[in-house]
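> Input structure: model.txt, which contains compact mmCIF, C-alpha atoms and all ligand atoms.
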# COMPACT_ATOMS: atom_id res chain seq x y z
CA MET J 168 -61.22 -77.71 -15.79
CA LEU J 169 -62.13 -79.63 -12.61
CA ARG J 170 -58.90 -81.58 -12.90
CA ARG J 171 -56.95 -78.36 -13.27
CA ILE J 172 -58.60 -76.82 -10.20
CA GLU J 173 -57.87 -79.97 -8.17
CA SER J 174 -54.28 -80.01 -9.31
CA ILE J 175 -53.68 -76.40 -8.22
CA VAL J 176 -55.49 -76.85 -4.91
CA LYS J 177 -53.27 -79.85 -4.11
CA LYS J 178 -50.16 -77.70 -4.43
CA VAL J 179 -51.29 -75.15 -1.85
CA SER J 180 -50.31 -76.03 1.71
CA GLY J 181 -52.79 -74.97 4.37
CA GLN J 182 -56.51 -75.22 4.91
CA PRO J 183 -59.04 -72.98 3.14
CA PRO J 184 -60.22 -70.29 3.31
CA LEU J 185 -56.86 -68.93 2.21
CA TYR J 186 -56.34 -65.41 0.91
CA LEU J 187 -53.44 -64.04 -1.14
CA HIS J 188 -51.51 -62.59 1.74
CA GLU J 189 -52.71 -62.67 5.34
CA PRO J 190 -50.82 -61.17 8.27
CA ARG J 191 -50.05 -63.10 11.46
CA PHE J 192 -49.14 -61.22 14.63
CA LEU J 193 -47.04 -62.40 17.56
CA LYS J 194 -46.67 -61.44 21.21
CA ASP J 195 -44.06 -58.75 20.44
CA ASP J 196 -46.47 -56.99 18.11
CA GLU J 197 -49.02 -56.81 20.91
CA LEU J 198 -46.45 -55.61 23.44
CA TYR J 199 -45.22 -52.80 21.22
CA VAL J 200 -48.74 -51.58 20.46
CA GLN J 201 -49.67 -51.82 24.14
CA ASP J 202 -46.63 -49.72 24.94
CA CYS J 203 -48.05 -46.92 22.78
CA LEU J 204 -51.39 -47.16 24.57
CA ARG J 205 -49.78 -47.27 28.01
CA THR J 206 -47.56 -44.25 27.40
CA GLY J 207 -50.14 -42.27 25.43
CA TRP J 208 -47.78 -41.88 22.47
CA VAL J 209 -50.14 -42.88 19.68
CA SER J 210 -49.61 -40.20 17.04
CA TYR J 211 -46.65 -39.58 14.75
CA ALA J 212 -44.63 -37.73 17.41
CA GLY J 213 -43.79 -41.04 19.15
CA GLU J 214 -40.46 -42.86 19.25
CA TYR J 215 -41.51 -45.94 17.24
CA VAL J 216 -41.79 -43.82 14.09
CA LYS J 217 -38.09 -42.91 14.28
CA LYS J 218 -37.12 -46.47 15.24
CA PHE J 219 -39.09 -47.91 12.33
CA GLU J 220 -37.38 -45.49 9.94
CA GLU J 221 -33.98 -46.50 11.32
CA HIS J 222 -34.87 -50.16 10.75
CA LEU J 223 -35.90 -49.43 7.16
CA SER J 224 -32.82 -47.40 6.42
CA SER J 225 -30.38 -49.90 7.90
CA PHE J 226 -32.11 -52.92 6.30
CA THR J 227 -32.33 -51.40 2.81
CA GLY J 228 -29.01 -49.58 2.97
CA LEU J 229 -30.59 -46.32 1.83
CA ASN J 230 -29.57 -43.31 3.91
CA TYR J 231 -33.00 -41.92 4.72
CA ALA J 232 -36.50 -43.27 5.33
CA ALA J 233 -39.66 -41.22 6.01
CA ALA J 234 -42.74 -43.17 7.14
CA THR J 235 -46.18 -42.17 5.82
CA VAL J 236 -49.80 -43.19 6.35
CA ASN J 237 -49.78 -45.34 3.23
CA GLY J 238 -47.82 -46.11 0.09
CA THR J 239 -50.07 -44.12 -2.23
CA VAL J 240 -49.36 -40.79 -0.52
CA ALA J 241 -45.67 -41.68 -0.31
CA LEU J 242 -45.72 -42.01 -4.11
CA GLN J 243 -47.60 -38.73 -4.49
CA VAL J 244 -45.13 -36.85 -2.28
CA ALA J 245 -42.14 -38.53 -3.97
CA LEU J 246 -43.40 -37.38 -7.37
CA GLN J 247 -43.92 -33.83 -6.11
CA ILE J 248 -40.44 -33.77 -4.57
CA VAL J 249 -38.72 -34.79 -7.82
CA GLY J 250 -40.58 -31.96 -9.53
CA VAL J 251 -43.80 -33.32 -11.01
CA THR J 252 -46.23 -30.41 -11.39
CA ALA J 253 -49.54 -29.72 -13.09
CA GLY J 254 -49.59 -30.94 -16.68
CA ASP J 255 -46.47 -33.11 -16.50
CA GLU J 256 -46.55 -36.63 -17.83
CA VAL J 257 -45.19 -39.54 -15.81
CA LEU J 258 -44.42 -42.94 -17.36
CA VAL J 259 -46.10 -45.83 -15.53
CA PRO J 260 -46.22 -49.52 -16.49
CA SER J 261 -49.67 -50.68 -17.55
CA ILE J 262 -49.40 -53.64 -15.18
CA THR J 263 -49.40 -52.34 -11.64
CA PHE J 264 -51.74 -51.75 -8.74
CA VAL J 265 -53.86 -48.69 -9.56
CA ALA J 266 -52.16 -46.63 -6.81
CA SER J 267 -49.08 -46.09 -9.01
CA ALA J 268 -51.19 -44.36 -11.65
CA ASN J 269 -53.50 -42.62 -9.18
CA ALA J 270 -50.57 -41.05 -7.33
CA VAL J 271 -49.46 -39.37 -10.55
CA VAL J 272 -52.88 -37.71 -10.79
CA HIS J 273 -52.77 -36.77 -7.08
CA ALA J 274 -49.46 -35.01 -7.79
CA GLY J 275 -51.12 -33.05 -10.60
CA GLY J 276 -49.68 -35.08 -13.47
CA THR J 277 -50.94 -37.41 -16.17
CA SER J 278 -50.04 -41.08 -16.34
CA HIS J 279 -48.51 -42.24 -19.60
CA PHE J 280 -48.70 -46.02 -19.95
CA ILE J 281 -45.85 -48.30 -20.94
CA GLU J 282 -45.72 -51.95 -22.04
CA VAL J 283 -44.11 -54.53 -19.73
CA SER J 284 -41.76 -57.47 -20.24
CA GLU J 285 -42.43 -61.19 -19.81
CA ARG J 286 -39.20 -61.55 -17.83
CA ASP J 287 -40.33 -59.72 -14.70
CA PHE J 288 -43.70 -58.09 -15.59
CA GLY J 289 -42.03 -54.67 -15.15
CA ILE J 290 -41.38 -51.94 -17.73
CA ASP J 291 -39.69 -53.25 -20.88
CA ALA J 292 -36.51 -51.13 -21.10
CA LEU J 293 -35.83 -51.83 -24.79
CA LYS J 294 -39.34 -50.93 -25.88
CA LEU J 295 -39.24 -47.89 -23.62
CA ASP J 296 -36.07 -46.64 -25.29
CA GLU J 297 -37.38 -47.23 -28.81
CA TYR J 298 -40.67 -45.52 -27.91
CA LEU J 299 -39.16 -42.42 -26.31
CA GLN J 300 -36.81 -42.02 -29.25
CA ARG J 301 -39.81 -41.97 -31.55
CA ILE J 302 -42.35 -39.90 -29.59
CA SER J 303 -40.22 -37.37 -27.71
CA TYR J 304 -37.61 -34.67 -28.25
CA SER J 305 -35.36 -32.76 -25.90
CA ASP J 306 -36.07 -29.00 -25.60
CA ASP J 307 -33.37 -26.37 -25.01
CA GLN J 308 -33.60 -26.88 -21.25
CA GLY J 309 -33.11 -30.61 -21.66
CA HIS J 310 -36.71 -31.53 -20.82
CA CYS J 311 -38.12 -34.61 -22.46
CA ILE J 312 -41.13 -33.34 -24.45
CA ASN J 313 -43.95 -35.50 -25.77
CA LYS J 314 -44.15 -34.54 -29.49
CA LYS J 315 -47.90 -35.08 -29.61
CA THR J 316 -49.09 -33.48 -26.37
CA LYS J 317 -46.18 -30.96 -26.07
CA LYS J 318 -46.09 -31.77 -22.33
CA ILE J 319 -42.94 -32.46 -20.32
CA ILE J 320 -42.41 -36.13 -19.55
CA ARG J 321 -40.94 -35.48 -16.12
CA ALA J 322 -40.53 -38.83 -14.44
CA ILE J 323 -40.91 -42.58 -14.61
CA VAL J 324 -42.31 -44.99 -12.00
CA PRO J 325 -40.75 -48.45 -12.45
CA VAL J 326 -42.68 -51.01 -10.38
CA HIS J 327 -41.24 -54.22 -8.93
CA ILE J 328 -44.26 -56.42 -9.56
CA LEU J 329 -45.25 -59.14 -7.05
CA GLY J 330 -41.87 -58.62 -5.34
CA HIS J 331 -39.65 -59.53 -8.30
CA PRO J 332 -37.20 -56.74 -9.19
CA CYS J 333 -37.85 -55.29 -12.64
CA SER J 334 -34.92 -54.57 -15.01
CA ILE J 335 -34.26 -51.46 -12.99
CA GLU J 336 -30.66 -50.91 -14.14
CA ASP J 337 -31.63 -50.89 -17.82
CA ILE J 338 -34.74 -48.80 -17.15
CA SER J 339 -32.71 -46.28 -15.13
CA ASN J 340 -30.12 -46.01 -17.90
CA VAL J 341 -32.84 -45.20 -20.42
CA ALA J 342 -34.55 -42.79 -18.02
CA ARG J 343 -31.33 -40.87 -17.30
CA ARG J 344 -30.66 -40.48 -21.02
CA TYR J 345 -34.06 -38.82 -21.44
CA ASN J 346 -33.59 -36.70 -18.32
CA LEU J 347 -36.43 -38.38 -16.42
CA LYS J 348 -36.59 -38.50 -12.63
CA ILE J 349 -37.05 -42.00 -11.26
CA VAL J 350 -39.47 -42.91 -8.48
CA GLU J 351 -39.22 -46.65 -7.80
CA ASP J 352 -42.50 -48.18 -6.69
CA ALA J 353 -41.09 -50.80 -4.34
CA ALA J 354 -44.42 -51.12 -2.50
CA GLU J 355 -44.46 -54.90 -2.97
CA SER J 356 -40.76 -55.59 -2.69
CA LEU J 357 -39.36 -54.96 0.78
CA GLY J 358 -36.54 -57.51 1.01
CA SER J 359 -35.90 -57.80 -2.75
CA PHE J 360 -32.42 -57.23 -4.14
CA VAL J 361 -30.66 -56.64 -7.45
CA SER J 362 -27.33 -58.36 -6.91
CA HIS J 363 -26.45 -56.90 -3.50
CA ASP J 364 -28.48 -53.70 -3.63
CA HIS J 365 -31.92 -53.51 -2.12
CA VAL J 366 -34.53 -52.25 -4.58
CA GLY J 367 -34.87 -48.50 -4.23
CA HIS J 368 -31.16 -47.89 -4.80
CA PHE J 369 -31.58 -47.15 -8.47
CA GLY J 370 -34.01 -44.22 -8.50
CA ASP J 371 -34.15 -40.77 -6.97
CA ILE J 372 -36.72 -41.83 -4.40
CA ALA J 373 -38.33 -45.21 -3.71
CA VAL J 374 -41.60 -46.01 -2.02
CA LEU J 375 -42.68 -48.90 0.21
CA SER J 376 -46.15 -49.96 1.38
CA PHE J 377 -47.14 -51.65 4.63
CA ASN J 378 -50.78 -52.23 3.74
CA GLY J 379 -52.52 -55.23 5.32
CA ASN J 380 -51.72 -57.57 2.43
CA LYS J 381 -48.04 -56.73 2.11
CA LEU J 382 -45.12 -58.79 3.47
CA LEU J 383 -44.77 -56.49 6.46
CA THR J 384 -47.87 -54.64 7.58
CA THR J 385 -48.55 -51.75 9.91
CA GLY J 386 -52.28 -51.93 9.17
CA GLY J 387 -51.82 -49.07 6.76
CA GLY J 388 -48.51 -47.43 6.11
CA GLY J 389 -45.82 -46.53 3.66
CA ALA J 390 -42.39 -44.97 3.43
CA LEU J 391 -40.17 -42.94 1.16
CA LEU J 392 -36.56 -44.10 0.84
CA THR J 393 -33.78 -41.98 -0.59
CA ASN J 394 -30.07 -41.25 -0.45
CA ASN J 395 -30.76 -37.55 -1.09
CA LYS J 396 -30.83 -35.53 2.14
CA ASP J 397 -32.64 -32.62 0.53
CA TYR J 398 -35.41 -34.92 -0.75
CA PHE J 399 -35.68 -36.52 2.68
CA GLU J 400 -36.08 -33.17 4.43
CA LYS J 401 -38.71 -32.14 1.89
CA ALA J 402 -40.55 -35.39 2.56
CA LEU J 403 -40.63 -34.70 6.31
CA ARG J 404 -41.91 -31.14 5.71
CA LEU J 405 -44.56 -32.07 3.17
CA THR J 406 -45.92 -34.90 5.33
CA THR J 407 -46.20 -32.70 8.45
CA THR J 408 -48.09 -29.60 7.19
CA ALA J 409 -44.81 -27.73 6.50
CA LYS J 410 -44.74 -26.50 10.10
CA LYS J 411 -41.65 -24.50 11.05
CA PRO J 412 -40.06 -25.95 14.19
CA HIS J 413 -40.66 -23.43 16.99
CA ALA J 414 -41.14 -23.57 20.78
CA TYR J 415 -44.75 -22.38 20.63
CA GLU J 416 -45.61 -20.65 17.35
CA PHE J 417 -47.67 -22.38 14.66
CA PHE J 418 -46.18 -21.20 11.40
CA HIS J 419 -46.49 -22.96 8.06
CA ASP J 420 -44.96 -21.68 4.83
CA GLU J 421 -46.62 -23.96 2.28
CA VAL J 422 -49.86 -25.90 1.76
CA ALA J 423 -48.76 -29.37 2.77
CA TYR J 424 -50.21 -32.60 4.14
CA ASN J 425 -50.89 -34.62 7.23
CA TYR J 426 -49.34 -37.83 5.92
CA ARG J 427 -47.00 -39.04 8.70
CA LEU J 428 -47.35 -42.58 10.03
CA PRO J 429 -48.78 -42.70 13.58
CA ASN J 430 -46.71 -44.28 16.36
CA LEU J 431 -49.32 -47.04 16.86
CA ASN J 432 -48.74 -48.25 13.33
CA ALA J 433 -44.99 -47.75 13.48
CA ALA J 434 -44.86 -49.96 16.59
CA LEU J 435 -46.10 -52.88 14.47
CA GLY J 436 -43.47 -52.04 11.90
CA CYS J 437 -40.69 -52.21 14.51
CA SER J 438 -41.70 -55.59 15.90
CA GLN J 439 -41.90 -57.09 12.42
CA MET J 440 -38.62 -55.55 11.23
CA GLU J 441 -36.99 -57.42 14.11
CA ARG J 442 -38.04 -60.67 12.42
CA ILE J 443 -37.80 -59.57 8.77
CA HIS J 444 -35.09 -62.14 8.00
CA THR J 445 -37.29 -64.99 9.26
CA LEU J 446 -40.23 -63.69 7.23
CA LEU J 447 -38.11 -63.59 4.09
CA GLU J 448 -36.65 -67.07 4.68
CA LYS J 449 -40.14 -68.51 5.02
CA LYS J 450 -41.23 -66.78 1.82
CA ARG J 451 -38.41 -68.54 0.00
CA VAL J 452 -39.34 -71.91 1.47
CA LEU J 453 -42.89 -71.43 0.22
CA ALA J 454 -41.79 -70.23 -3.22
CA GLN J 455 -39.44 -73.20 -3.61
CA ARG J 456 -42.25 -75.56 -2.70
CA TYR J 457 -44.54 -74.04 -5.33
CA GLU J 458 -41.77 -74.08 -7.92
CA ASP J 459 -41.07 -77.78 -7.32
CA ALA J 460 -44.75 -78.67 -7.37
CA PHE J 461 -45.47 -76.87 -10.64
CA SER J 462 -42.29 -78.07 -12.35
CA LYS J 463 -44.16 -81.30 -13.16
CA GLU J 464 -46.89 -79.48 -15.09
CA SER J 465 -45.86 -79.04 -18.71
CA ASP J 466 -48.16 -76.13 -19.59
CA ILE J 467 -47.68 -74.16 -16.36
CA ALA J 468 -44.70 -71.91 -15.64
CA PHE J 469 -43.93 -70.81 -12.11
CA HIS J 470 -42.87 -67.14 -12.10
CA ASN J 471 -39.31 -67.32 -10.79
CA GLU J 472 -37.15 -64.42 -9.64
CA PRO J 473 -35.23 -62.94 -12.59
CA PRO J 474 -31.55 -64.00 -12.90
CA GLY J 475 -29.20 -61.84 -10.83
CA THR J 476 -31.95 -60.77 -8.43
CA LYS J 477 -33.36 -61.96 -5.14
CA SER J 478 -37.13 -61.61 -4.80
CA ASN J 479 -39.09 -61.43 -1.58
CA TYR J 480 -41.69 -63.59 -3.40
CA TRP J 481 -44.45 -61.39 -2.02
CA LEU J 482 -47.00 -63.10 -4.26
CA ASN J 483 -46.24 -66.42 -5.91
CA SER J 484 -47.71 -66.71 -9.37
CA ILE J 485 -48.00 -69.10 -12.28
CA ARG J 486 -48.60 -68.59 -15.96
CA ILE J 487 -50.90 -70.92 -17.81
CA LYS J 488 -49.84 -70.37 -21.39
CA GLY J 489 -52.48 -69.95 -24.04
CA MET J 490 -55.37 -69.82 -21.61
CA ALA J 491 -58.49 -68.06 -22.95
CA MET J 492 -60.12 -65.36 -20.84
CA SER J 493 -63.25 -67.50 -20.32
CA GLU J 494 -61.14 -70.46 -19.14
CA ARG J 495 -59.20 -68.24 -16.78
CA ASN J 496 -62.43 -66.88 -15.29
CA HIS J 497 -63.78 -70.41 -14.77
CA LEU J 498 -60.55 -71.45 -13.14
CA LEU J 499 -60.47 -68.47 -10.76
CA GLN J 500 -64.14 -68.89 -9.82
CA GLY J 501 -63.61 -72.61 -9.22
CA LEU J 502 -60.62 -71.96 -6.96
CA ILE J 503 -62.44 -69.25 -5.03
CA ASP J 504 -65.51 -71.50 -4.59
CA LYS J 505 -63.20 -73.97 -2.83
CA GLY J 506 -61.85 -71.24 -0.55
CA PHE J 507 -58.57 -70.70 -2.42
CA HIS J 508 -58.70 -66.99 -3.10
CA CYS J 509 -56.42 -66.82 -6.11
CA ARG J 510 -56.41 -63.67 -8.23
CA PRO J 511 -55.34 -62.54 -11.69
CA LEU J 512 -53.00 -59.61 -12.17
CA TRP J 513 -54.69 -56.20 -11.95
CA THR J 514 -56.75 -55.05 -14.91
CA PRO J 515 -54.15 -53.17 -16.99
CA MET J 516 -54.12 -49.41 -16.43
CA HIS J 517 -54.66 -48.68 -20.15
CA LEU J 518 -58.05 -50.44 -19.90
CA LEU J 519 -59.38 -48.50 -16.88
CA PRO J 520 -62.09 -45.94 -17.75
CA MET J 521 -60.69 -43.00 -15.77
CA PHE J 522 -57.43 -43.29 -17.70
CA ASN J 523 -59.14 -43.41 -21.11
CA ALA J 524 -57.64 -40.15 -22.29
CA CYS J 525 -54.12 -40.83 -20.96
CA PRO J 526 -51.23 -41.09 -23.42
CA ARG J 527 -49.95 -44.61 -23.98
CA MET J 528 -47.88 -46.90 -26.17
CA GLU J 529 -49.60 -48.31 -29.25
CA ASP J 530 -49.20 -51.97 -28.34
CA PHE J 531 -49.82 -53.79 -25.06
CA PHE J 532 -49.53 -57.36 -26.28
CA VAL J 533 -47.47 -58.61 -23.31
CA THR J 534 -49.53 -56.69 -20.75
CA ASP J 535 -52.79 -58.09 -22.13
CA THR J 536 -51.35 -61.62 -22.34
CA LEU J 537 -50.15 -61.56 -18.73
CA HIS J 538 -53.52 -60.23 -17.61
CA ARG J 539 -55.05 -63.38 -19.09
CA ASP J 540 -52.30 -65.92 -18.23
CA VAL J 541 -51.18 -65.16 -14.71
CA ILE J 542 -52.74 -66.58 -11.57
CA CYS J 543 -51.53 -65.36 -8.18
CA LEU J 544 -51.51 -68.01 -5.44
CA PRO J 545 -52.03 -67.86 -1.67
CA SER J 546 -48.64 -66.69 -0.40
CA SER J 547 -48.97 -65.89 3.30
CA VAL J 548 -45.81 -66.43 5.34
CA PHE J 549 -47.54 -68.92 7.66
CA LEU J 550 -48.15 -71.32 4.75
CA ALA J 551 -44.44 -72.17 4.91
CA ASP J 552 -45.07 -73.75 8.34
CA HIS J 553 -47.57 -76.27 6.90
CA ALA J 554 -46.09 -79.37 5.34
C1 LIG J 601 -49.76 -51.69 -2.35
C2 LIG J 601 -49.24 -50.92 -3.49
C3 LIG J 601 -49.21 -49.51 -3.51
C4 LIG J 601 -49.86 -48.60 -2.55
O1 LIG J 601 -49.83 -48.86 -1.27
P1 LIG J 601 -50.95 -48.47 -0.20
O2 LIG J 601 -50.13 -48.53 1.03
O3 LIG J 601 -52.01 -49.49 -0.28
O4 LIG J 601 -51.42 -47.08 -0.50
C5 LIG J 601 -48.60 -48.89 -4.59
N1 LIG J 601 -48.09 -49.57 -5.60
C6 LIG J 601 -48.12 -50.91 -5.65
C7 LIG J 601 -47.50 -51.61 -6.81
C8 LIG J 601 -48.72 -51.62 -4.60
O5 LIG J 601 -48.78 -52.97 -4.67
Please, can you express the file's structure as C-alpha cells?
Ligand SMILES: *Cc1c(COP(=O)(O)O)cnc(C)c1O

Amino acid sequence: MLRRIESIVKKVSGQPPLYLHEPRFLKDDELYVQDCLRTGWVSYAGEYVKKFEEHLSSFTGLNYAAATVNGTVALQVALQIVGVTAGDEVLVPSITFVASANAVVHAGGTSHFIEVSERDFGIDALKLDEYLQRISYSDDQGHCINKKTKKIIRAIVPVHILGHPCSIEDISNVARRYNLKIVEDAAESLGSFVSHDHVGHFGDIAVLSFNGNKLLTTGGGGALLTNNKDYFEKALRLTTTAKKPHAYEFFHDEVAYNYRLPNLNAALGCSQMERIHTLLEKKRVLAQRYEDAFSKESDIAFHNEPPGTKSNYWLNSIRIKGMAMSERNHLLQGLIDKGFHCRPLWTPMHLLPMFNACPRMEDFFVTDTLHRDVICLPSSVFLADHA
C-alpha cells in the first residue's frame, strides 16, 4: 500500500497540500470585480451578466444562455421549463453529484436511477433502452408511463461526468423514442465537445456550473443553455420573480424565483471566458502528463476521453481494477495524509438514504464497481505549469 501511495504521489506535479480543483485568479479578474464595486453595479442588473451570457453562447454555439446563482437552481428551472411537475419521474444516472438528483425533487419530481457505462461513467444507453421497454408503456397522449408507479416519466438528465462527454447521441435517441425531455447536466463539462458540437447541443436545455471547484468559477454560479427561444425567455422570467417589465409598476404573474447571477460574480466569469482557451489547453497538458505517467502501471487505467469526443478533463481520474473497498479507503486516507486530496466518485445516488424510496433499475454493478475503483486526482489548471 505504501508503495502504491508513493507511486501515485510521484505522478502529481506540484507541492502539497493539493486539492481536486483550485481556482487561481489574475489581475483581470480583480479589475473586473473592482469595476463593479466602483460603479455600484453589483446585482444582476449589471452589464457583466449580459456579457458573460454572450461569451457562453458564442463559445458553446448555443443560441441562448441565462446565468443563475448556481448550477443546482439552473437544473431545477430547466426541469420545470421542460414540463416536470409534481409526481413526475425523471431519469438520473446513479453516478453523479447529488445536485442532479436534488434538483429533480426541487422541481417537484422523483428521481429514478439508471445504471452507467464503463466507457464514460454516464448513462448506459443500451441498458436504458432495454429497461424502458420492459418497465414503461406509452399512454394515449404519448406519455411514457412507469408500469409499476403509474407516474409519467417526463424527462432524463444525462450527466457528462468529470468533464468527459457521455454517449449523449445514443441516450438522446432512446429518450426521443420514449418521448422524454432531455436536460443535459453539463455542470462539469464547459469546453467539452462531441465531434464539433459543444455538450449541451443534444438536449432541450443544458446546464453549466461555475462553483468554486469547477474549471471556470464565479464563486457560485450556473447557467442554462438552449437553442429554444421560448425556453430561454421562460428561464429569464422564472429566475427574476416573473416581474412584468414596466416603467414603475411592480407586477408579477406567477410565483417565481430570485435566481439570477449577480454582476459581481458575472464579472469573474467574463475575465475567465477571455482566457478559456488557455485554461483548456493547460488541462490537456496535465491530462496527457497523467496518462503518460500511468501508462507504465499495469493494473491502473487512466480514464481517457471517449473516442470521438474532446473532454475538458475537469477531473483526471484513474481506475485501479479489482481494488477492495477497504484497500481503496486506505489508499485515499494515505494520499490525504500526505496532502494529496484525492477523492473517490460520489456515493451512488441509489445508496443515499433520502432517495431510498425512489424507483431504480434492478442492477447497479457498473456504478458500484466504479464507486470502488475510481480515484480522482488533483487537477487544478496551475498544475500544468509545474514540471
Ligand atoms: C457542480 C455540479 C452541479 C451543481 O452545481 P452547483 O453550481 O454547485 O449548484 C450539478 N451537477 C453536477 C454533475 C455537478 O458536478
> Would you mind listing the residues within 7 Å of ligand LIG 601 (chain J), counting all atoms listed in the file, as a PDB file with C-alpha atoms, keeping the file's coordinate frame?

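Below you can see selection37.pdb, which holds the result:
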ATOM      1  CA  ASN J 237     -49.780 -45.340   3.230  1.00  0.00           C
ATOM      2  CA  GLY J 238     -47.820 -46.110   0.090  1.00  0.00           C
ATOM      3  CA  THR J 239     -50.070 -44.120  -2.230  1.00  0.00           C
ATOM      4  CA  VAL J 240     -49.360 -40.790  -0.520  1.00  0.00           C
ATOM      5  CA  THR J 263     -49.400 -52.340 -11.640  1.00  0.00           C
ATOM      6  CA  PHE J 264     -51.740 -51.750  -8.740  1.00  0.00           C
ATOM      7  CA  ALA J 266     -52.160 -46.630  -6.810  1.00  0.00           C
ATOM      8  CA  SER J 267     -49.080 -46.090  -9.010  1.00  0.00           C
ATOM      9  CA  VAL J 326     -42.680 -51.010 -10.380  1.00  0.00           C
ATOM     10  CA  ILE J 328     -44.260 -56.420  -9.560  1.00  0.00           C
ATOM     11  CA  ASP J 352     -42.500 -48.180  -6.690  1.00  0.00           C
ATOM     12  CA  ALA J 353     -41.090 -50.800  -4.340  1.00  0.00           C
ATOM     13  CA  ALA J 354     -44.420 -51.120  -2.500  1.00  0.00           C
ATOM     14  CA  GLU J 355     -44.460 -54.900  -2.970  1.00  0.00           C
ATOM     15  CA  SER J 376     -46.150 -49.960   1.380  1.00  0.00           C
ATOM     16  CA  PHE J 377     -47.140 -51.650   4.630  1.00  0.00           C
ATOM     17  CA  ASN J 378     -50.780 -52.230   3.740  1.00  0.00           C
ATOM     18  CA  LYS J 381     -48.040 -56.730   2.110  1.00  0.00           C
ATOM     19  CA  GLY J 387     -51.820 -49.070   6.760  1.00  0.00           C
ATOM     20  CA  GLY J 388     -48.510 -47.430   6.110  1.00  0.00           C
ATOM     21  CA  GLY J 389     -45.820 -46.530   3.660  1.00  0.00           C
TER      22      GLY J 389
END
> With only C-alpha atoms as the counted atoms, please give the residues lying no more than 7 Å from range 534-550 of chain J, apart from itself and same-chain residues fewer than 5 positions off, as a ChimeraX atom specification.
/J:180-181,185-189,261-262,282-283,446,449-450,453,481-488,490-492,495,508-512,514-515
> From the list J:Asn340, J:Thr393, J:Asn313, J:Asn430, which residue is nearest Ser224 in chain J when using all atoms listed in the file?
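Closest to Ser224 in chain J, using all atoms listed in the file: J:Thr393.
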> Name all residues at most 8 Å from Tyr199 in chain J (count only C-alpha atoms; drop same-chain ones fewer than 2 positions away) and give them as an MDAnalysis selection string.
chainID J and resid 195:197 201:203 434:435 438
> Pick out the closest residue to Lys317 in chain J from this set: J:Lys178, J:Ile290, J:Phe417, J:Asp255. Count all atoms listed in the file.
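Looking only at the distances to Lys317 in chain J, the closest residue turns out to be J:Asp255.
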> Could you tell me how far CA of Ala414 in chain J sits from CA of Lys217 in chain J, in Å to one decimal place?
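So the answer is 20.6 Å.
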> List as number ranges by chain: which residues have an atom within 12 Å of (-30.3, -39.0, -18.3), counting all atoms listed in the file?
J: 296, 305, 309-311, 321-323, 337-349, 370
> If you measure from CA of Arg205 in chain J to CA of Gly379 in chain J, what distance in Å do you get, rounded to one decimal?
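Atom-to-atom, CA of Arg205 in chain J to CA of Gly379 in chain J, that is 24.2 Å.
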> Please return, as a PyMOL selection string, all polymer residues that have at least one atom within 10 Å of the point (-36.5, -55.1, 11.3); use only C-alpha atoms and the file's own coordinate frame.
chain J and resi 218-226+383+436-444
> How many Å lie between CA of Leu357 in chain J and CA of Gly330 in chain J, rounded to one decimal?
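So the answer is 7.6 Å.
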> Reconstruct N, CA, C and O atoms of range 412-421 of chain J from the incomplete input and present them as an mmCIF file, in the coordinates of the input.

data_model
loop_
_atom_site.group_PDB
_atom_site.id
_atom_site.type_symbol
_atom_site.label_atom_id
_atom_site.label_comp_id
_atom_site.auth_asym_id
_atom_site.auth_seq_id
_atom_site.Cartn_x
_atom_site.Cartn_y
_atom_site.Cartn_z
ATOM 1 N N PRO J 412 -40.320 -25.586 12.796
ATOM 2 C CA PRO J 412 -40.060 -25.950 14.190
ATOM 3 C C PRO J 412 -39.952 -24.676 15.041
ATOM 4 O O PRO J 412 -39.250 -23.737 14.668
ATOM 5 N N HIS J 413 -40.683 -24.620 16.129
ATOM 6 C CA HIS J 413 -40.660 -23.430 16.990
ATOM 7 C C HIS J 413 -41.215 -23.845 18.348
ATOM 8 O O HIS J 413 -42.057 -24.731 18.430
ATOM 9 N N ALA J 414 -40.746 -23.191 19.414
ATOM 10 C CA ALA J 414 -41.140 -23.570 20.780
ATOM 11 C C ALA J 414 -42.651 -23.478 20.985
ATOM 12 O O ALA J 414 -43.231 -24.299 21.689
ATOM 13 N N TYR J 415 -43.298 -22.505 20.393
ATOM 14 C CA TYR J 415 -44.750 -22.380 20.630
ATOM 15 C C TYR J 415 -45.544 -21.880 19.418
ATOM 16 O O TYR J 415 -46.730 -22.068 19.340
ATOM 17 N N GLU J 416 -44.876 -21.263 18.456
ATOM 18 C CA GLU J 416 -45.610 -20.650 17.350
ATOM 19 C C GLU J 416 -46.025 -21.684 16.312
ATOM 20 O O GLU J 416 -45.248 -22.581 15.992
ATOM 21 N N PHE J 417 -47.247 -21.555 15.792
ATOM 22 C CA PHE J 417 -47.670 -22.380 14.660
ATOM 23 C C PHE J 417 -47.461 -21.583 13.387
ATOM 24 O O PHE J 417 -48.205 -20.647 13.114
ATOM 25 N N PHE J 418 -46.445 -21.915 12.643
ATOM 26 C CA PHE J 418 -46.180 -21.200 11.400
ATOM 27 C C PHE J 418 -45.885 -22.202 10.282
ATOM 28 O O PHE J 418 -45.039 -23.071 10.423
ATOM 29 N N HIS J 419 -46.636 -22.052 9.200
ATOM 30 C CA HIS J 419 -46.490 -22.960 8.060
ATOM 31 C C HIS J 419 -46.219 -22.110 6.828
ATOM 32 O O HIS J 419 -46.863 -21.079 6.650
ATOM 33 N N ASP J 420 -45.292 -22.545 5.970
ATOM 34 C CA ASP J 420 -44.960 -21.680 4.830
ATOM 35 C C ASP J 420 -45.341 -22.288 3.487
ATOM 36 O O ASP J 420 -44.844 -21.894 2.447
ATOM 37 N N GLU J 421 -46.240 -23.281 3.524
ATOM 38 C CA GLU J 421 -46.620 -23.960 2.280
ATOM 39 C C GLU J 421 -47.865 -24.788 2.586
ATOM 40 O O GLU J 421 -48.045 -25.226 3.719
#
